[in-house]
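A short worksheet on the structure shown next.
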Amino acid sequence: MDKAGIKQLIARLGGTKTGLYQKDFLLTWNQSDSDLRAVLLTAEILEEMWRANIRTRFFNGGLGVSNFRDKSTRTRFSFASACSLLGLSCMDFDESKSQVAHGETVRETANMISFLTEVIGIGDDMFIGEGHEYMLETSQSIEQGHKDGILPQRPAVINLQCDRDHPTQSMADLLHLQKTFGGEGGLKGKKIAMTWAYSPSYGKPLSVPQGIITLMTRFGMNVVLAHPEGYDLQPETLQIAARHAEQSGGSFKKVSSMEEAFAGADIVYPKSWAPFSVMEKRTRLLRAGEGKQVAELEKEGLALNASHQGWECTEEMMKATRDGKALYMHCLPADITDVNCKAGEVAKTVFDRYRTPTYKEAEHKLYCIAAMMILTRFEKPARNLDAILGSAVPRKVA
Amino acid sequence: MDKAGIKQLIARLGGTKTGLYQKDFLLTWNQSDSDLRAVLLTAEILEEMWRANIRTRFFNGGLGVSNFRDKSTRTRFSFASACSLLGLSCMDFDESKSQVAHGETVRETANMISFLTEVIGIGDDMFIGEGHEYMLETSQSIEQGHKDGILPQRPAVINLQCDRDHPTQSMADLLHLQKTFGGEGGLKGKKIAMTWAYSPSYGKPLSVPQGIITLMTRFGMNVVLAHPEGYDLQPETLQIAARHAEQSGGSFKKVSSMEEAFAGADIVYPKSWAPFSVMEKRTRLLRAGEGKQVAELEKEGLALNASHQGWECTEEMMKATRDGKALYMHCLPADITDVNCKAGEVAKTVFDRYRTPTYKEAEHKLYCIAAMMILTRFEKPARNLDAILGSAVPRKVA
Amino acid sequence: MDKAGIKQLIARLGGTKTGLYQKDFLLTWNQSDSDLRAVLLTAEILEEMWRANIRTRFFNGGLGVSNFRDKSTRTRFSFASACSLLGLSCMDFDESKSQVAHGETVRETANMISFLTEVIGIGDDMFIGEGHEYMLETSQSIEQGHKDGILPQRPAVINLQCDRDHPTQSMADLLHLQKTFGGEGGLKGKKIAMTWAYSPSYGKPLSVPQGIITLMTRFGMNVVLAHPEGYDLQPETLQIAARHAEQSGGSFKKVSSMEEAFAGADIVYPKSWAPFSVMEKRTRLLRAGEGKQVAELEKEGLALNASHQGWECTEEMMKATRDGKALYMHCLPADITDVNCKAGEVAKTVFDRYRTPTYKEAEHKLYCIAAMMILTRFEKPARNLDAILGSAVPRKVA
């Protein structure tokens, strides 16, 4: 895209009202449609500026802090990349002990790491009923710290995956869909199948399917959810999806087989996850230090998984989609049959055909994170972007 | 503070002579009063510049290297923040093996990590009689490397905590005191109680109390040290404190109870530490690989601690201080009774009342570290700061 | 060196054709002489610019990713330093699992970490027959990703040590030799002894001796290789060395004792390594998960080593070199007798005499890495350097 094109996107952003300034980005369903549009627009602008060799340095110093309470490589990389893109120093904070003493310690830690901090990205999806709460507690602590004059700026908390939602993933997915189907308007009436798929591993988080059904129902899409019995999502997210569908003129439906979900679908998103009730039980056992029973539960979970190996996105399954050509999506990494496992979520030939699109889908994530940083930390982002575009400092010397 | 105010501070710094250029910052008692004043002034200027959204980039490239020989989160964060503030890339160096072969290996390592390095921050407080020596050895190695033409610049070594002193902490504390009591002049004649306090954990370093008694006696304060029998500090630091008190017109006194120390105090600093003699014994045992005996020693230490649970900064204790309103200080994290332990250093209500001040106290540390970096690496820091203030590049785009 | 001197070096670089742009740097023997000259010249220019306090920021954002599949401290530091020098954010990627699923996973990972990435530095010297292949696979993956429009730029892969070559080391060594002997011309006819030396440790990689014999034979040097029976290098590298010697008018010879190799040598490079056949066997055993047999093999290896303690670079040995004053070289850290081991590769007095030169030798490495980054990522590096020199932004404020 040339500069004139980028300028137009910035102008559109200028006309998009958002309430994100001085706030967090935790759950998409707590943000307005307009907020979401602003994130996607900003992400697109940043992506085009990078490609146009324009430096997008919003900060000259200051920190972005990531706090991953589970292992993470890709999201950690995305967050660090977004920091680099905007000129923040990225620091990884490993506060494995802060869980112990809620209240005092979370507050203290949150303040101690925030003296120069603009953004705190948190990934905490291990325990049901905890990830989101931890982010809220962090947010309240720094809000208070800012009011008390301890923190000169009020860092934004960005949810890099919690027990309820995975907004940086779902927003990247949404941007991918818009780019594929001709913008927001192109999504109306499109059928997307969010389905469980078999995986030989266990305990994959629910945040992705929950994020997808709650977000895609907002844009007039027909969202169909399918999974084997017992693999329910968090009930609240189903209610949100239903409400969103009603408001947007889309639809939300649960079916009980991959076949049914795929029938006539424009988009398929086959992905494994663990049952909500099992994750809840697991959380209780882990909290109680019942290591043996956790292992037992895992064994049962894998056995249950194994009874659903038919849930695979095969060529046969794909034939049932619209013209046999539905867009395949995945948050990556996928369990690909005969590639990294014997039997998995998707057939090799299907994945291969969609590899390039899924990689592009993944690329959007870092720009969505950067967009959230900008919108939460700058009052007039369109004006700033315009100035940056105008001066056009090259990212690489030329 | 507005620009004019910052300009005045810079002018004052310009009139403050320091001998820190091309040197290290290891022990406060080896620095002149004027050096210390320059550090505090520079820290204050940097803090105000950050708040005024002015970029303080002294470096366009180059490294700050941190080397923590014990676990550290907060100081590590402070050091990295200071690097970011001044434009250095921060690298953490984990040379756990360099202890093995003193002499050749320390020298080699010190040079190998210093080709582009401006500052090396070292935290090494585990072993009595070693931390400071290690820093000296590192310093001599790079001094020689610079003379031999290996290192184009002579990195400064900054003590981020050793067995003797914790200068970045005590200087942050001093800045906090000056800001609370109206500058250096306001400290004259104030009584500060540096007292041991009960903690259910073991082996906390002595560097904080040692740093406090040696530093605060320099500014005409009346410093009272109190601890249970057997919890002595390193004898040398008592002598230094006594000498400083005599020179400054303050006083230094040892008493044997928290009550006595608190009586009429303007400031209280109740904090746990391990006895010097026990730490010495522990060092010998660890060196000898006597793991069992170390565990034994720890058990004894905890038992000894437990016999002094009365040493807690309670509301009752606070009543004895001047008007019952002494300033409570702590280097954080504190062991707070009923918050992160059953019985600890301080009562919840006392800590709560002083939470915001102690958080601000902590904030100064990163600026003190940055100030030490500037004063050791730049010959005319006031001139540089003036130029930076003049051009006023915004830290965040506006 | 003053600016005029640097300008001359840049002019020389301008007249040096290279084919490195948009390529990788994996094995020196796959690069043209002219490519190698360009790397050395660029390294020298960067080194002089640093010393002249000139900021060499080629990038305003973007990532350099390091991926060390073995432990590494010094090379990791060099890579990160080079990133800092050029303005890239350095990220360390620990993809220990990518070995598992060659093909899909290496490709995916390579793309996922490259959205903003300009350079990927890989260190992988553990397994015979794998390190170089892994780099190739990474290179092909990102080349494809770039063609498919996933990656806006095509990151360069830089070999930070593999099973075959250690180009950043050997190039740093070559620069050291040129600086010591008066440029490339001064190397013609010089005798360099690359010899095995005794070490009490086991399994040191073969990449250094292989890198030295293949590279130094290209510049008219007389390269002599010596090692005890059974300590053969990878046969291919001997053939390359012989071919290079023939082409350059130098020579390549294998002898069977350190004495013979040292006789009349201008340069000696005594360094321990493991036998190629043992490393091959070790690779097979590790792959098969035969931990016990690996330990057994190691024991045998150490016993074999121990029978060759006479291979030490003593004062006596040094006397046999040209005028008793050959240049001693080492990639560091060396096993120094009576310093970090009882008996090792080199006598303390010999090492001491050459300490400063070997440290300078080591310093060149980071500049060689930075040079490889520039030449692979910029089409007209001389023009860029000229502009950078012209504007002369100070690295430290003055």
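In the structure tokens, the first chain shown is A, the next is B, and so on; residue numbers restart at 1 for each chain, and ligands run from 1 in the order shown.
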Mind listing the strand (DSSP E or B) residues of segment 83-246 of chain A, per DSSP on the backbone, as a PyMOL selection string? chain A and resi 89-92+117-124+156-162+191-196+222-226
Go through chain C residue by residue and, counting only C-alpha atoms, keep those with an atom at most 7 Å from chain B; for each kept residue give the shortest atom pair and its distance in Å to one decimal, ordered by chain and increasing number, as a Markdown table.
| residue | atom | partner | partner_atom | distance |
| --- | --- | --- | --- | --- |
| C:Arg51 | CA | B:Pro152 | CA | 6.1 |
| C:Arg55 | CA | B:Asn60 | CA | 6.4 |
| C:Phe77 | CA | B:Ile113 | CA | 6.9 |
| C:Ser81 | CA | B:Leu116 | CA | 7.0 |
| C:Ser84 | CA | B:Gly61 | CA | 5.9 |
| C:Leu85 | CA | B:Gly61 | CA | 5.9 |
| C:Val339 | CA | B:Glu104 | CA | 6.7 |
| C:Asn340 | CA | B:Ala101 | CA | 5.8 |
| C:Thr356 | CA | B:Asp148 | CA | 7.0 |
| C:Tyr359 | CA | B:Ile150 | CA | 6.7 |
| C:Lys360 | CA | B:Ile150 | CA | 5.7 |
| C:Glu363 | CA | B:Phe115 | CA | 6.5 |
| C:Arg395 | CA | B:Asn60 | CA | 4.7 |
| C:Lys396 | CA | B:Phe59 | CA | 4.6 |
| C:Val397 | CA | B:Phe58 | CA | 5.5 |
| C:Ala398 | CA | B:Asn384 | CA | 6.8 |
Please dump the current selection as a compact mmCIF listing (two decimals), in the first residue's frame; keep all heavy atoms.
# COMPACT_ATOMS: atom_id res chain seq x y z
N ARG C 51 34.81 3.36 18.08
CA ARG C 51 35.89 4.06 18.79
C ARG C 51 35.84 5.56 18.56
O ARG C 51 36.29 6.35 19.40
CB ARG C 51 37.24 3.49 18.36
CG ARG C 51 37.54 2.15 19.05
CD ARG C 51 38.78 1.46 18.54
NE ARG C 51 39.43 0.66 19.57
CZ ARG C 51 39.04 -0.56 19.94
NH1 ARG C 51 38.00 -1.14 19.37
NH2 ARG C 51 39.67 -1.22 20.91
N ARG C 55 27.44 6.77 16.12
CA ARG C 55 26.33 5.82 16.18
C ARG C 55 26.18 5.11 14.83
O ARG C 55 26.17 5.75 13.79
CB ARG C 55 25.03 6.56 16.50
CG ARG C 55 23.85 5.64 16.66
CD ARG C 55 22.58 6.43 16.89
NE ARG C 55 22.15 7.06 15.65
CZ ARG C 55 20.97 7.65 15.49
NH1 ARG C 55 20.13 7.73 16.51
NH2 ARG C 55 20.64 8.18 14.34
N PHE C 77 26.44 -13.28 23.67
CA PHE C 77 26.75 -11.89 24.00
C PHE C 77 27.20 -11.11 22.76
O PHE C 77 26.82 -9.96 22.56
CB PHE C 77 27.86 -11.86 25.06
CG PHE C 77 27.53 -11.00 26.22
CD1 PHE C 77 26.73 -11.50 27.23
CD2 PHE C 77 27.96 -9.70 26.31
CE1 PHE C 77 26.39 -10.71 28.32
CE2 PHE C 77 27.63 -8.90 27.38
CZ PHE C 77 26.84 -9.41 28.39
N SER C 81 25.29 -8.01 21.20
CA SER C 81 26.03 -6.76 21.07
C SER C 81 25.94 -6.23 19.64
O SER C 81 25.75 -5.02 19.43
CB SER C 81 27.51 -6.98 21.44
OG SER C 81 27.63 -7.33 22.79
N SER C 84 22.60 -4.63 19.14
CA SER C 84 22.55 -3.32 19.78
C SER C 84 23.29 -2.29 18.94
O SER C 84 22.84 -1.17 18.75
CB SER C 84 23.15 -3.42 21.18
OG SER C 84 23.36 -2.14 21.74
N LEU C 85 24.43 -2.68 18.42
CA LEU C 85 25.26 -1.78 17.61
C LEU C 85 24.51 -1.25 16.41
O LEU C 85 24.66 -0.09 16.02
CB LEU C 85 26.50 -2.56 17.15
CG LEU C 85 27.66 -1.80 16.54
CD1 LEU C 85 28.34 -0.95 17.60
CD2 LEU C 85 28.67 -2.75 15.90
N VAL C 339 45.83 -22.65 36.17
CA VAL C 339 44.92 -21.52 36.36
C VAL C 339 43.49 -22.05 36.52
O VAL C 339 42.91 -22.00 37.59
CB VAL C 339 45.01 -20.50 35.21
CG1 VAL C 339 43.94 -19.42 35.38
CG2 VAL C 339 46.40 -19.88 35.20
N ASN C 340 42.94 -22.59 35.44
CA ASN C 340 41.61 -23.18 35.59
C ASN C 340 41.60 -24.70 35.46
O ASN C 340 40.55 -25.32 35.35
CB ASN C 340 40.60 -22.52 34.64
CG ASN C 340 41.11 -22.48 33.21
OD1 ASN C 340 42.13 -23.09 32.90
ND2 ASN C 340 40.41 -21.79 32.36
N THR C 356 46.57 -10.08 26.13
CA THR C 356 45.98 -8.91 25.48
C THR C 356 45.68 -9.17 24.00
O THR C 356 44.56 -8.90 23.55
CB THR C 356 46.88 -7.68 25.70
OG1 THR C 356 46.93 -7.43 27.12
CG2 THR C 356 46.33 -6.45 25.01
N TYR C 359 42.55 -11.32 23.68
CA TYR C 359 41.32 -10.58 24.00
C TYR C 359 40.91 -9.71 22.81
O TYR C 359 39.73 -9.58 22.50
CB TYR C 359 41.52 -9.70 25.25
CG TYR C 359 41.55 -10.47 26.57
CD1 TYR C 359 41.58 -11.86 26.61
CD2 TYR C 359 41.55 -9.79 27.79
CE1 TYR C 359 41.61 -12.54 27.83
CE2 TYR C 359 41.58 -10.46 29.01
CZ TYR C 359 41.62 -11.83 29.02
OH TYR C 359 41.65 -12.51 30.21
N LYS C 360 41.89 -9.10 22.17
CA LYS C 360 41.57 -8.28 21.00
C LYS C 360 41.01 -9.17 19.88
O LYS C 360 40.09 -8.77 19.16
CB LYS C 360 42.80 -7.51 20.52
CG LYS C 360 43.14 -6.33 21.43
CD LYS C 360 44.28 -5.49 20.86
CE LYS C 360 44.62 -4.34 21.80
NZ LYS C 360 45.93 -3.72 21.50
N GLU C 363 37.51 -9.66 20.49
CA GLU C 363 36.70 -8.46 20.27
C GLU C 363 36.18 -8.36 18.85
O GLU C 363 35.07 -7.88 18.61
CB GLU C 363 37.55 -7.22 20.61
CG GLU C 363 36.77 -5.92 20.52
CD GLU C 363 37.54 -4.76 21.14
OE1 GLU C 363 38.75 -4.91 21.38
OE2 GLU C 363 36.92 -3.71 21.38
N ARG C 395 27.42 8.49 19.57
CA ARG C 395 26.88 7.36 20.30
C ARG C 395 26.63 7.73 21.76
O ARG C 395 25.68 7.27 22.37
CB ARG C 395 27.86 6.20 20.23
CG ARG C 395 27.30 4.92 20.81
CD ARG C 395 28.34 3.86 20.83
NE ARG C 395 29.43 4.22 21.70
CZ ARG C 395 29.40 4.15 23.03
NH1 ARG C 395 28.32 3.74 23.65
NH2 ARG C 395 30.45 4.47 23.76
N LYS C 396 27.48 8.54 22.30
CA LYS C 396 27.26 9.09 23.64
C LYS C 396 27.14 10.59 23.49
O LYS C 396 27.89 11.20 22.73
CB LYS C 396 28.44 8.78 24.57
CG LYS C 396 28.65 7.33 24.85
CD LYS C 396 29.91 7.09 25.65
CE LYS C 396 29.89 7.78 27.02
NZ LYS C 396 31.00 7.29 27.87
N VAL C 397 26.22 11.19 24.24
CA VAL C 397 26.10 12.64 24.15
C VAL C 397 27.44 13.26 24.59
O VAL C 397 28.14 12.69 25.43
CB VAL C 397 24.95 13.19 25.02
CG1 VAL C 397 23.63 12.62 24.56
CG2 VAL C 397 25.18 12.94 26.48
N ALA C 398 27.76 14.38 24.02
CA ALA C 398 29.07 14.98 24.32
C ALA C 398 28.90 16.44 24.74
O ALA C 398 27.86 17.03 24.56
CB ALA C 398 29.97 14.90 23.09
Please extract the residues of segment 128-246 of chain A with a backbone DSSP assignment of helix (DSSP H, G or I) and present them as a ChimeraX atom specification. /A:131-147,167-181,184-187,207-219,235-246
Residue contacts of segment 259-273 of chain C (7 Å, only C-alpha atoms) excluding same-chain residues fewer than 5 positions away, as a ChimeraX atom specification: /C:190-199,203-206,224-226,313,317,320-322,326-330,345
For Lys365 of chain A, work out the shell of residues within 8 Å, counting only C-alpha atoms and skipping chain neighbours fewer than 4 positions away, then give it as a PDB file with all heavy atoms, in the first residue's frame.
ATOM      1  N   SER A  78       5.396 -12.316  20.063  1.00  0.00           N
ATOM      2  CA  SER A  78       4.519 -11.288  19.487  1.00  0.00           C
ATOM      3  C   SER A  78       4.541 -10.026  20.341  1.00  0.00           C
ATOM      4  O   SER A  78       4.612  -8.910  19.829  1.00  0.00           O
ATOM      5  CB  SER A  78       3.073 -11.794  19.396  1.00  0.00           C
ATOM      6  OG  SER A  78       2.968 -12.788  18.414  1.00  0.00           O
ATOM      7  N   THR A 168      -6.146 -11.155  21.742  1.00  0.00           N
ATOM      8  CA  THR A 168      -5.180 -10.810  20.694  1.00  0.00           C
ATOM      9  C   THR A 168      -5.240 -11.839  19.570  1.00  0.00           C
ATOM     10  O   THR A 168      -4.978 -11.528  18.415  1.00  0.00           O
ATOM     11  CB  THR A 168      -3.743 -10.694  21.254  1.00  0.00           C
ATOM     12  OG1 THR A 168      -3.342 -11.959  21.809  1.00  0.00           O
ATOM     13  CG2 THR A 168      -3.674  -9.644  22.359  1.00  0.00           C
ATOM     14  N   GLN A 169      -5.607 -13.073  19.921  1.00  0.00           N
ATOM     15  CA  GLN A 169      -5.774 -14.112  18.911  1.00  0.00           C
ATOM     16  C   GLN A 169      -7.053 -13.879  18.105  1.00  0.00           C
ATOM     17  O   GLN A 169      -7.040 -13.897  16.868  1.00  0.00           O
ATOM     18  CB  GLN A 169      -5.821 -15.491  19.589  1.00  0.00           C
ATOM     19  CG  GLN A 169      -6.000 -16.652  18.623  1.00  0.00           C
ATOM     20  CD  GLN A 169      -4.817 -16.787  17.696  1.00  0.00           C
ATOM     21  OE1 GLN A 169      -3.668 -16.754  18.126  1.00  0.00           O
ATOM     22  NE2 GLN A 169      -5.068 -16.904  16.392  1.00  0.00           N
ATOM     23  N   MET A 171      -8.825 -11.249  17.680  1.00  0.00           N
ATOM     24  CA  MET A 171      -8.787 -10.023  16.871  1.00  0.00           C
ATOM     25  C   MET A 171      -7.906 -10.231  15.635  1.00  0.00           C
ATOM     26  O   MET A 171      -8.232  -9.749  14.543  1.00  0.00           O
ATOM     27  CB  MET A 171      -8.266  -8.855  17.709  1.00  0.00           C
ATOM     28  CG  MET A 171      -9.238  -8.386  18.786  1.00  0.00           C
ATOM     29  SD  MET A 171     -10.782  -7.697  18.127  1.00  0.00           S
ATOM     30  CE  MET A 171     -10.199  -6.078  17.608  1.00  0.00           C
ATOM     31  N   ALA A 172      -6.801 -10.956  15.793  1.00  0.00           N
ATOM     32  CA  ALA A 172      -5.968 -11.280  14.627  1.00  0.00           C
ATOM     33  C   ALA A 172      -6.773 -12.133  13.652  1.00  0.00           C
ATOM     34  O   ALA A 172      -6.702 -11.951  12.424  1.00  0.00           O
ATOM     35  CB  ALA A 172      -4.695 -12.003  15.069  1.00  0.00           C
ATOM     36  N   GLU A 361      -2.449 -15.161   8.987  1.00  0.00           N
ATOM     37  CA  GLU A 361      -3.353 -15.000  10.135  1.00  0.00           C
ATOM     38  C   GLU A 361      -2.540 -14.753  11.410  1.00  0.00           C
ATOM     39  O   GLU A 361      -2.824 -13.842  12.195  1.00  0.00           O
ATOM     40  CB  GLU A 361      -4.177 -16.294  10.263  1.00  0.00           C
ATOM     41  CG  GLU A 361      -5.172 -16.378  11.401  1.00  0.00           C
ATOM     42  CD  GLU A 361      -5.790 -17.790  11.502  1.00  0.00           C
ATOM     43  OE1 GLU A 361      -5.536 -18.631  10.602  1.00  0.00           O
ATOM     44  OE2 GLU A 361      -6.502 -18.045  12.486  1.00  0.00           O
ATOM     45  N   ILE A 369      -1.627  -6.515  18.949  1.00  0.00           N
ATOM     46  CA  ILE A 369      -1.096  -6.163  20.266  1.00  0.00           C
ATOM     47  C   ILE A 369      -0.577  -4.721  20.250  1.00  0.00           C
ATOM     48  O   ILE A 369      -0.878  -3.921  21.138  1.00  0.00           O
ATOM     49  CB  ILE A 369       0.024  -7.143  20.688  1.00  0.00           C
ATOM     50  CG1 ILE A 369      -0.531  -8.565  20.849  1.00  0.00           C
ATOM     51  CG2 ILE A 369       0.690  -6.681  21.973  1.00  0.00           C
ATOM     52  CD1 ILE A 369       0.530  -9.624  21.116  1.00  0.00           C
TER      53      ILE A 369
END
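Distances from A:Met318, A:Ala110, A:Ala288, A:Leu13 to Leu40 of chain A were compared using only C-alpha atoms, and the smallest one belongs to A:Leu13.
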I'd like the interatomic distance between atom CA of Ile120 of chain A and atom CA of Ala156 of chain A, to a tenth of an Å.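 Atom CA of Ala156 of chain A lies at a distance of 6.1 Å from atom CA of Ile120 of chain A.
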